[in-house]
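Peer 1: Please find work.pdb (PDB, C-alpha atoms and all ligand atoms) on the next line:
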```
MODEL        1
ATOM      1  CA  MET B  18       0.000   0.000   0.000
ATOM      2  CA  VAL B  19       1.434   3.362  -0.997
ATOM      3  CA  THR B  20       0.303   6.599   0.630
ATOM      4  CA  ASN B  21       1.352   9.358  -1.764
ATOM      5  CA  ILE B  22       3.308  10.291  -4.850
ATOM      6  CA  HIS B  23       6.562  11.173  -3.108
ATOM      7  CA  HIS B  24       8.157  12.731  -6.177
ATOM      8  CA  VAL B  25       8.562  12.689  -9.929
ATOM      9  CA  GLY B  26      12.153  12.388 -11.193
ATOM     10  CA  ILE B  27      13.338  14.572 -14.080
ATOM     11  CA  VAL B  28      16.674  13.972 -15.830
ATOM     12  CA  VAL B  29      18.536  17.197 -16.569
ATOM     13  CA  ARG B  30      21.838  17.993 -18.232
ATOM     14  CA  SER B  31      22.939  20.299 -15.427
ATOM     15  CA  LEU B  32      21.472  20.653 -11.971
ATOM     16  CA  GLU B  33      22.754  24.218 -11.767
ATOM     17  CA  ALA B  34      21.070  25.197 -15.055
ATOM     18  CA  SER B  35      17.805  23.443 -14.130
ATOM     19  CA  TYR B  36      17.681  25.395 -10.861
ATOM     20  CA  ARG B  37      17.143  28.546 -12.896
ATOM     21  CA  PHE B  38      13.741  27.264 -14.002
ATOM     22  CA  TRP B  39      12.603  24.956 -11.201
ATOM     23  CA  ARG B  40      13.982  26.888  -8.230
ATOM     24  CA  ASN B  41      14.265  30.499  -9.342
ATOM     25  CA  THR B  42      11.340  30.862 -11.755
ATOM     26  CA  LEU B  43       8.820  28.416 -10.260
ATOM     27  CA  ARG B  44      10.206  29.109  -6.775
ATOM     28  CA  LEU B  45      10.130  25.499  -5.604
ATOM     29  CA  PRO B  46      12.169  25.420  -2.378
ATOM     30  CA  LEU B  47      15.131  23.045  -2.122
ATOM     31  CA  VAL B  48      14.607  20.187   0.333
ATOM     32  CA  ARG B  49      18.041  18.610  -0.134
ATOM     33  CA  GLU B  50      20.765  18.053  -2.700
ATOM     34  CA  ALA B  51      23.378  15.288  -2.686
ATOM     35  CA  GLU B  52      25.415  12.996  -4.858
ATOM     36  CA  VAL B  53      23.927   9.488  -4.968
ATOM     37  CA  LYS B  54      26.981   7.431  -5.940
ATOM     38  CA  ASP B  55      25.341   4.107  -6.759
ATOM     39  CA  GLN B  56      22.892   5.840  -9.133
ATOM     40  CA  GLY B  57      25.684   7.898 -10.724
ATOM     41  CA  VAL B  58      23.821  11.153 -10.184
ATOM     42  CA  ARG B  59      23.863  14.434  -8.389
ATOM     43  CA  ALA B  60      20.246  14.925  -7.366
ATOM     44  CA  ALA B  61      18.002  17.470  -5.713
ATOM     45  CA  LEU B  62      14.539  17.287  -4.204
ATOM     46  CA  LEU B  63      12.388  20.406  -4.441
ATOM     47  CA  ALA B  64       9.172  20.863  -2.462
ATOM     48  CA  ALA B  65       6.008  21.274  -4.546
ATOM     49  CA  GLY B  66       3.047  21.082  -2.172
ATOM     50  CA  GLY B  67       2.128  17.508  -1.222
ATOM     51  CA  SER B  68       4.723  15.927  -3.522
ATOM     52  CA  GLU B  69       8.225  16.828  -4.672
ATOM     53  CA  ILE B  70      10.191  17.252  -7.877
ATOM     54  CA  GLU B  71      13.519  15.416  -8.120
ATOM     55  CA  LEU B  72      16.148  16.736 -10.530
ATOM     56  CA  LEU B  73      18.838  14.260 -11.607
ATOM     57  CA  GLU B  74      22.107  15.176 -13.286
ATOM     58  CA  PRO B  75      24.279  12.262 -14.391
ATOM     59  CA  VAL B  76      27.831  12.415 -13.033
ATOM     60  CA  ALA B  77      28.970   8.931 -14.110
ATOM     61  CA  PRO B  78      28.999   8.241 -17.877
ATOM     62  CA  ASP B  79      27.904   4.592 -17.507
ATOM     63  CA  SER B  80      24.863   5.226 -15.290
ATOM     64  CA  GLY B  81      21.271   4.561 -16.301
ATOM     65  CA  VAL B  82      20.522   8.275 -16.041
ATOM     66  CA  ALA B  83      23.458   9.133 -18.355
ATOM     67  CA  ARG B  84      22.175   6.606 -20.899
ATOM     68  CA  PHE B  85      18.655   8.032 -20.607
ATOM     69  CA  LEU B  86      19.960  11.556 -21.235
ATOM     70  CA  ALA B  87      22.045  10.454 -24.244
ATOM     71  CA  LYS B  88      19.139   8.546 -25.774
ATOM     72  CA  ARG B  89      16.090  10.656 -24.951
ATOM     73  CA  GLY B  90      17.344  13.997 -23.723
ATOM     74  CA  GLU B  91      16.065  15.831 -20.680
ATOM     75  CA  GLY B  92      12.643  14.920 -19.329
ATOM     76  CA  LEU B  93      10.419  12.862 -17.049
ATOM     77  CA  HIS B  94      12.349   9.802 -15.867
ATOM     78  CA  HIS B  95      10.579   8.062 -12.980
ATOM     79  CA  LEU B  96       7.680   8.149 -10.571
ATOM     80  CA  CYS B  97       8.198   7.550  -6.844
ATOM     81  CA  PHE B  98       5.513   6.352  -4.449
ATOM     82  CA  GLN B  99       5.827   6.818  -0.726
ATOM     83  CA  THR B 100       5.267   3.838   1.546
ATOM     84  CA  ALA B 101       5.759   3.300   5.273
ATOM     85  CA  ASP B 102       7.633   0.030   4.642
ATOM     86  CA  VAL B 103       9.617  -0.206   1.416
ATOM     87  CA  GLY B 104      11.084  -3.595   2.449
ATOM     88  CA  GLY B 105       7.673  -5.140   3.065
ATOM     89  CA  GLU B 106       6.263  -3.618  -0.121
ATOM     90  CA  LEU B 107       9.166  -5.030  -2.136
ATOM     91  CA  ALA B 108       8.738  -8.512  -0.621
ATOM     92  CA  ALA B 109       5.020  -8.480  -1.467
ATOM     93  CA  LEU B 110       5.716  -7.415  -5.088
ATOM     94  CA  LYS B 111       8.418 -10.092  -5.382
ATOM     95  CA  GLY B 112       5.886 -12.637  -4.109
ATOM     96  CA  LYS B 113       3.520 -11.617  -6.930
ATOM     97  CA  GLY B 114       6.314 -12.189  -9.469
ATOM     98  CA  ILE B 115       6.685  -8.494 -10.335
ATOM     99  CA  PRO B 116      10.072  -7.785 -11.971
ATOM    100  CA  LEU B 117      12.275  -5.635  -9.724
ATOM    101  CA  ILE B 118      15.488  -3.713 -10.300
ATOM    102  CA  ASP B 119      16.371  -3.705  -6.599
ATOM    103  CA  ALA B 120      15.904  -6.933  -4.644
ATOM    104  CA  ALA B 121      16.396  -5.013  -1.383
ATOM    105  CA  PRO B 122      15.992  -1.352  -0.353
ATOM    106  CA  ARG B 123      19.056   0.905  -0.504
ATOM    107  CA  PRO B 124      19.736   4.462   0.633
ATOM    108  CA  GLY B 125      18.624   7.189  -1.785
ATOM    109  CA  LEU B 126      17.838  10.882  -1.691
ATOM    110  CA  ALA B 127      14.240  10.251  -0.565
ATOM    111  CA  GLY B 128      15.152   7.819   2.224
ATOM    112  CA  ARG B 129      15.273   4.032   1.832
ATOM    113  CA  ILE B 130      14.369   3.393  -1.792
ATOM    114  CA  ALA B 131      13.998   0.641  -4.404
ATOM    115  CA  PHE B 132      13.282   0.651  -8.127
ATOM    116  CA  LEU B 133      10.916  -1.730  -9.925
ATOM    117  CA  SER B 134      11.409  -2.765 -13.514
ATOM    118  CA  PRO B 135       9.357  -0.704 -16.004
ATOM    119  CA  LYS B 136       8.262  -4.056 -17.504
ATOM    120  CA  GLY B 137       5.891  -4.616 -14.580
ATOM    121  CA  CYS B 138       4.476  -1.070 -14.581
ATOM    122  CA  ASP B 139       3.406  -0.620 -18.227
ATOM    123  CA  GLY B 140       6.671   1.036 -19.259
ATOM    124  CA  VAL B 141       7.000   3.483 -16.359
ATOM    125  CA  LEU B 142      10.069   3.339 -14.100
ATOM    126  CA  VAL B 143       8.650   3.275 -10.560
ATOM    127  CA  GLU B 144      10.580   3.906  -7.357
ATOM    128  CA  LEU B 145       9.313   3.192  -3.837
ATOM    129  CA  ALA B 146      10.578   5.278  -0.934
ATOM    130  CA  THR B 147      10.300   5.277   2.829
ATOM    131  CA  PRO B 148      11.585   8.662   4.053
ATOM    132  CA  ASP B 149      14.051   8.525   6.953
ATOM    133  CA  ALA B 150      12.223  11.377   8.678
ATOM    134  CA  PRO B 151       9.112  13.428   7.887
ATOM    135  CA  GLU B 152       9.881  15.917   5.101
ATOM    136  CA  PRO B 153       9.977  19.562   6.194
ATOM    137  CA  LYS B 154       6.764  21.395   5.295
ATOM    138  CA  LEU B 155       8.002  24.036   2.900
ATOM    139  CA  ASP B 156       5.595  26.482   1.377
ATOM    140  CA  SER B 157       5.669  26.606  -2.405
ATOM    141  CA  PRO B 158       3.887  29.031  -4.774
ATOM    142  CA  VAL B 159       3.457  26.234  -7.353
ATOM    143  CA  ARG B 160       2.322  22.778  -6.346
ATOM    144  CA  PHE B 161       2.297  19.300  -7.820
ATOM    145  CA  LYS B 162      -1.118  18.210  -9.018
ATOM    146  CA  ARG B 163      -1.038  15.402 -11.554
ATOM    147  CA  LEU B 164       1.237  13.211 -13.639
ATOM    148  CA  VAL B 165      -0.177  12.118 -17.008
ATOM    149  CA  ILE B 166       0.622   8.559 -18.123
ATOM    150  CA  SER B 167      -0.107   7.558 -21.702
ATOM    151  CA  CYS B 168      -0.906   3.900 -22.312
ATOM    152  CA  GLN B 169      -2.664   1.525 -24.723
ATOM    153  CA  SER B 170      -5.535   0.918 -22.318
ATOM    154  CA  PRO B 171      -6.123   3.310 -19.399
ATOM    155  CA  GLN B 172      -8.464   0.712 -17.826
ATOM    156  CA  GLU B 173      -5.811  -2.017 -17.838
ATOM    157  CA  THR B 174      -2.958   0.231 -16.718
ATOM    158  CA  ALA B 175      -5.115   1.617 -13.898
ATOM    159  CA  LYS B 176      -5.931  -1.933 -12.813
ATOM    160  CA  THR B 177      -2.214  -2.834 -12.842
ATOM    161  CA  TYR B 178      -1.400   0.155 -10.609
ATOM    162  CA  GLN B 179      -4.301  -0.612  -8.283
ATOM    163  CA  ASP B 180      -3.218  -4.250  -7.956
ATOM    164  CA  LEU B 181       0.452  -3.378  -7.391
ATOM    165  CA  PHE B 182       0.177  -0.310  -5.183
ATOM    166  CA  GLY B 183      -3.398  -0.131  -3.860
ATOM    167  CA  LEU B 184      -3.947   3.294  -5.413
ATOM    168  CA  PRO B 185      -7.477   4.600  -4.910
ATOM    169  CA  GLU B 186      -9.480   5.698  -7.947
ATOM    170  CA  VAL B 187     -10.573   9.321  -8.039
ATOM    171  CA  GLU B 188     -14.029  10.011  -9.412
ATOM    172  CA  VAL B 189     -13.949  11.366 -12.967
ATOM    173  CA  ASN B 190     -16.912  12.000 -15.211
ATOM    174  CA  GLY B 191     -16.787   8.784 -17.201
ATOM    175  CA  GLY B 192     -14.962   8.805 -20.519
ATOM    176  CA  PRO B 193     -11.802   6.945 -21.475
ATOM    177  CA  ARG B 194      -9.493   8.585 -18.915
ATOM    178  CA  ILE B 195      -8.883   7.177 -15.457
ATOM    179  CA  MET B 196      -7.519   9.063 -12.479
ATOM    180  CA  LEU B 197      -5.815   7.320  -9.557
ATOM    181  CA  GLY B 198      -4.493   8.852  -6.383
ATOM    182  CA  TRP B 199      -5.832  10.995  -3.618
ATOM    183  CA  ALA B 200      -8.773  13.365  -4.022
ATOM    184  CA  GLY B 201      -7.508  16.870  -3.319
ATOM    185  CA  GLY B 202      -3.909  15.571  -3.416
ATOM    186  CA  SER B 203      -1.494  14.184  -5.991
ATOM    187  CA  THR B 204      -2.917  12.036  -8.762
ATOM    188  CA  LEU B 205      -2.006   9.998 -11.836
ATOM    189  CA  LEU B 206      -4.109  10.471 -14.960
ATOM    190  CA  MET B 207      -4.123   7.528 -17.369
ATOM    191  CA  VAL B 208      -4.884   8.565 -20.950
ATOM    192  CA  ARG B 209      -5.037   6.604 -24.166
ATOM    193  CA  VAL B 210      -1.880   6.781 -26.280
ATOM    194  CA  THR B 211      -3.856   7.982 -29.320
ATOM    195  CA  GLU B 212      -4.896  11.084 -27.325
ATOM    196  CA  VAL B 213      -1.293  12.278 -27.014
ATOM    197  CA  GLY B 214       0.203  11.558 -30.414
ATOM    198  CA  GLY B 215       1.459   8.022 -29.879
ATOM    199  CA  MET B 216       4.032   8.520 -27.130
ATOM    200  CA  GLU B 217       3.723   6.041 -24.254
ATOM    201  CA  GLY B 218       4.747   6.466 -20.629
ATOM    202  CA  MET B 219       4.937   9.659 -18.556
ATOM    203  CA  VAL B 220       3.982  12.447 -20.945
ATOM    204  CA  ALA B 221       3.053  15.549 -18.953
ATOM    205  CA  LEU B 222       3.018  17.134 -15.531
ATOM    206  CA  SER B 223       0.264  19.350 -14.156
ATOM    207  CA  MET B 224       0.854  21.791 -11.360
ATOM    208  CA  VAL B 225      -1.328  24.422  -9.712
ATOM    209  CA  ALA B 226      -0.734  27.947  -8.467
ATOM    210  CA  PRO B 227      -3.100  30.203  -6.518
ATOM    211  CA  ASP B 228      -1.707  33.363  -8.016
ATOM    212  CA  MET B 229      -0.855  33.306 -11.715
ATOM    213  CA  ALA B 230       0.137  36.930 -12.327
ATOM    214  CA  PRO B 231       3.500  36.932 -10.475
ATOM    215  CA  LEU B 232       4.282  33.505 -11.923
ATOM    216  CA  ILE B 233       3.620  34.733 -15.474
ATOM    217  CA  ARG B 234       5.867  37.742 -14.832
ATOM    218  CA  ARG B 235       8.700  35.495 -13.651
ATOM    219  CA  LEU B 236       8.226  33.175 -16.654
ATOM    220  CA  GLU B 237       8.311  36.177 -19.003
ATOM    221  CA  THR B 238      11.464  37.518 -17.334
ATOM    222  CA  ALA B 239      13.043  34.078 -17.836
ATOM    223  CA  ASN B 240      11.966  34.135 -21.519
ATOM    224  CA  ALA B 241      10.095  30.842 -21.092
ATOM    225  CA  ALA B 242       8.354  29.530 -24.213
ATOM    226  CA  MET B 243       4.729  29.227 -23.183
ATOM    227  CA  LEU B 244       1.087  29.574 -24.121
ATOM    228  CA  ILE B 245      -1.055  31.588 -21.756
ATOM    229  CA  GLY B 246      -4.705  30.536 -21.720
ATOM    230  CA  ALA B 247      -7.638  31.362 -19.483
ATOM    231  CA  GLY B 248      -6.494  30.145 -16.080
ATOM    232  CA  GLU B 249      -3.792  27.883 -17.495
ATOM    233  CA  ILE B 250      -0.214  28.209 -18.708
ATOM    234  CA  THR B 251       1.384  25.570 -20.918
ATOM    235  CA  ILE B 252       5.171  25.684 -20.819
ATOM    236  CA  GLU B 253       7.022  24.266 -23.789
ATOM    237  CA  PRO B 254       9.461  21.426 -23.004
ATOM    238  CA  GLN B 255      12.492  23.396 -24.229
ATOM    239  CA  SER B 256      11.927  25.845 -21.368
ATOM    240  CA  SER B 257      11.163  23.264 -18.658
ATOM    241  CA  HIS B 258      13.933  20.695 -19.208
ATOM    242  CA  GLY B 259      11.973  18.355 -21.458
ATOM    243  CA  VAL B 260       8.759  18.356 -19.419
ATOM    244  CA  HIS B 261       5.356  19.164 -20.928
ATOM    245  CA  LEU B 262       4.187  21.313 -18.045
ATOM    246  CA  HIS B 263       0.735  22.747 -17.398
ATOM    247  CA  ILE B 264       0.132  25.136 -14.539
ATOM    248  CA  SER B 265      -3.424  26.092 -13.726
ATOM    249  CA  ARG B 266      -4.997  28.494 -11.307
ATOM    250  CA  TYR B 267      -6.196  26.873  -8.146
ATOM    251  CA  HIS B 268      -7.150  28.280  -4.789
ATOM    252  CA  PHE B 269      -5.779  26.111  -2.045
ATOM    253  CA  PRO B 270      -8.283  25.333   0.677
TER     254      PRO B 270
HETATM  255 CO    CO B 301      13.624   9.359  -7.293
ENDMDL
END
```
Just give me the structure of the file as structure tokens.

Peer 2:
Amino acid sequence: MVTNIHHVGIVVRSLEASYRFWRNTLRLPLVREAEVKDQGVRAALLAAGGSEIELLEPVAPDSGVARFLAKRGEGLHHLCFQTADVGGELAALKGKGIPLIDAAPRPGLAGRIAFLSPKGCDGVLVELATPDAPEPKLDSPVRFKRLVISCQSPQETAKTYQDLFGLPEVEVNGGPRIMLGWAGGSTLLMVRVTEVGGMEGMVALSMVAPDMAPLIRRLETANAAMLIGAGEITIEPQSSHGVHLHISRYHFP
């Protein structure tokens, strides 16, 4: 059973350069930054409301993250669920025959972590994490809302995620899309691959902000490529390190 989306991992060419957008322009506060030797990365976690954004810069040329960057460029890399017991979760998944990358938890930036094979999660690299201590509550002007996953069958992928992780389904108004996660919190939206031009896996990130005007000013100052709609900004991937990013107006309760 997982209790939250802990973070979404984004591969970047340079942590320093990505800070200009994610820390300075969006104003996501830094939780911690460290080199994670066995993953061959220098990584940072930034607070974004109920979930976090993890930025990963490869520092070892033979690491998985370096290969990802060489092959696909910057962009969404993995999804991390929070659980109170990563060891127990891993044992249960192993018992169900789910392919794992890590047979046992190891230390990571988010606490004790383990990666599952994307083969068992419809092409998405999933990490499980049990934080060592409660994360500091940092206020952020832009908050995580939703990760969009493109798949052949939203019904089947949603069922896979419910079976593996016990994710609750969030009420949506029928239709082919399915939303899993926590009402009022972080969610996953499963959409059909034909809806998003044929690309499978994690395809977009939605965030919310209570006050759009200062955010738009900061994005303009940073020369971000974007479309400004009624109550929503769409930031082009070249300005957000490979991420299709939507930010909509939302008044926090
Ligand atoms: Co991670």

Peer 1: Please, which residues have at least one atom within 8 Å of an atom of ligand CO 301 (chain B), using all atoms listed in the file, listed as a list of chain:residue names?

Peer 2: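 If we count all atoms listed in the file, the neighbours of ligand CO 301 (chain B) turn out to be B:His24, B:Val25, B:Gly26, B:Glu71, B:His95, B:Leu96, B:Cys97, B:Gly125, B:Leu126, B:Ala127, B:Glu144.
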
Peer 1: Give me the residues near Ala120 of chain B as a CSV table (one decimal) with C-alpha atoms, keeping the file's coordinate frame, where near means some atom within 9 Å (using all atoms listed in the file) and where sequence neighbours in that chain fewer than 6 positions away do not count.

Peer 2:
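Written out: part-v9.csv:
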```
chain,number,residue,atom,x,y,z
B,107,LEU,CA,9.2,-5.0,-2.1
B,108,ALA,CA,8.7,-8.5,-0.6
B,111,LYS,CA,8.4,-10.1,-5.4
B,131,ALA,CA,14.0,0.6,-4.4
B,132,PHE,CA,13.3,0.7,-8.1
B,133,LEU,CA,10.9,-1.7,-9.9
```

Peer 1: Expanded to explicit residues, what is the PyMOL selection byres (((chain B and resi 54) around 10) and not hetatm) for this file, as a PyMOL selection string?

Peer 2: chain B and resi 51-53+55-59+76-77+80+125

Peer 1: Taking all atoms listed in the file into account, which of B:Met18, B:Leu45, B:Met243, B:Val225 comes nearest Gly201 of chain B?

Peer 2: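 Of all the options, B:Val225 lies closest to Gly201 of chain B.
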
Peer 1: State, in Å with one decimal place, the distance from atom CA of Ile195 of chain B to atom CA of Leu43 of chain B.

Peer 2: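 Separation between atom CA of Ile195 of chain B and atom CA of Leu43 of chain B: 28.1 Å.
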
Peer 1: Tell me which protein, DNA and RNA residues are within 8 Å of Asp139 of chain B, counting only C-alpha atoms, leaving out same-chain ones fewer than 4 positions away, and put them as number ranges by chain.

Peer 2: B: 135, 168, 174, 218

Peer 1: Go ahead and save the picked residues with C-alpha atoms, as a PDB file, in the coordinates of the input.

Peer 2:
```pdb
ATOM      1  CA  PRO B 135       9.357  -0.704 -16.004  1.00  0.00           C
ATOM      2  CA  CYS B 168      -0.906   3.900 -22.312  1.00  0.00           C
ATOM      3  CA  THR B 174      -2.958   0.231 -16.718  1.00  0.00           C
ATOM      4  CA  GLY B 218       4.747   6.466 -20.629  1.00  0.00           C
TER       5      GLY B 218
END
```

Peer 1: The PyMOL selection byres (((chain B and resi 175) around 8) and not hetatm) on the file shown: which residues, as a PyMOL selection string?

Peer 2: chain B and resi 171-174+176-179+195-197+207

Peer 1: Rounded to one decimal place, report the atom CA of Pro122 of chain B-atom CA of Glu91 of chain B distance in Å.

Peer 2: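 The value is 26.6 Å.
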
Peer 1: What would the list of residues within 7 Å of (7.0, 22.3, 1.6) (file frame) look like as a VMD selection string, if all atoms listed in the file are what count?

Peer 2: chain B and resid 64 to 66 153 to 157

Peer 1: With the file shown as input, list the residues that the PyMOL selection byres (((chain B and resi 239) around 10) and not hetatm) selects, as a list of chain:residue names.

Peer 2: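 Selected by the PyMOL selection byres (((chain B and resi 239) around 10) and not hetatm) in this file: B:Arg37, B:Phe38, B:Asn41, B:Thr42, B:Ile233, B:Arg234, B:Arg235, B:Leu236, B:Glu237, B:Thr238, B:Asn240, B:Ala241, B:Ala242, B:Ser256.
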
Peer 1: Return the single residue from B:Gly112, B:Gly128, B:Pro46, B:Gly92 that is closest to Ala221 of chain B, with distances computed using only C-alpha atoms.

Peer 2: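 Checking each of B:Gly112, B:Gly128, B:Pro46, B:Gly92 against Ala221 of chain B, counting only C-alpha atoms, the winner is B:Gly92.
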
Peer 1: From the set B:Lys162, B:His23, B:Arg44, B:His94, which residue has the shortest atom-to-atom contact distance to His258 of chain B, counting all atoms listed in the file?

Peer 2: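 Selected residue with least distance to His258 of chain B: B:His94.
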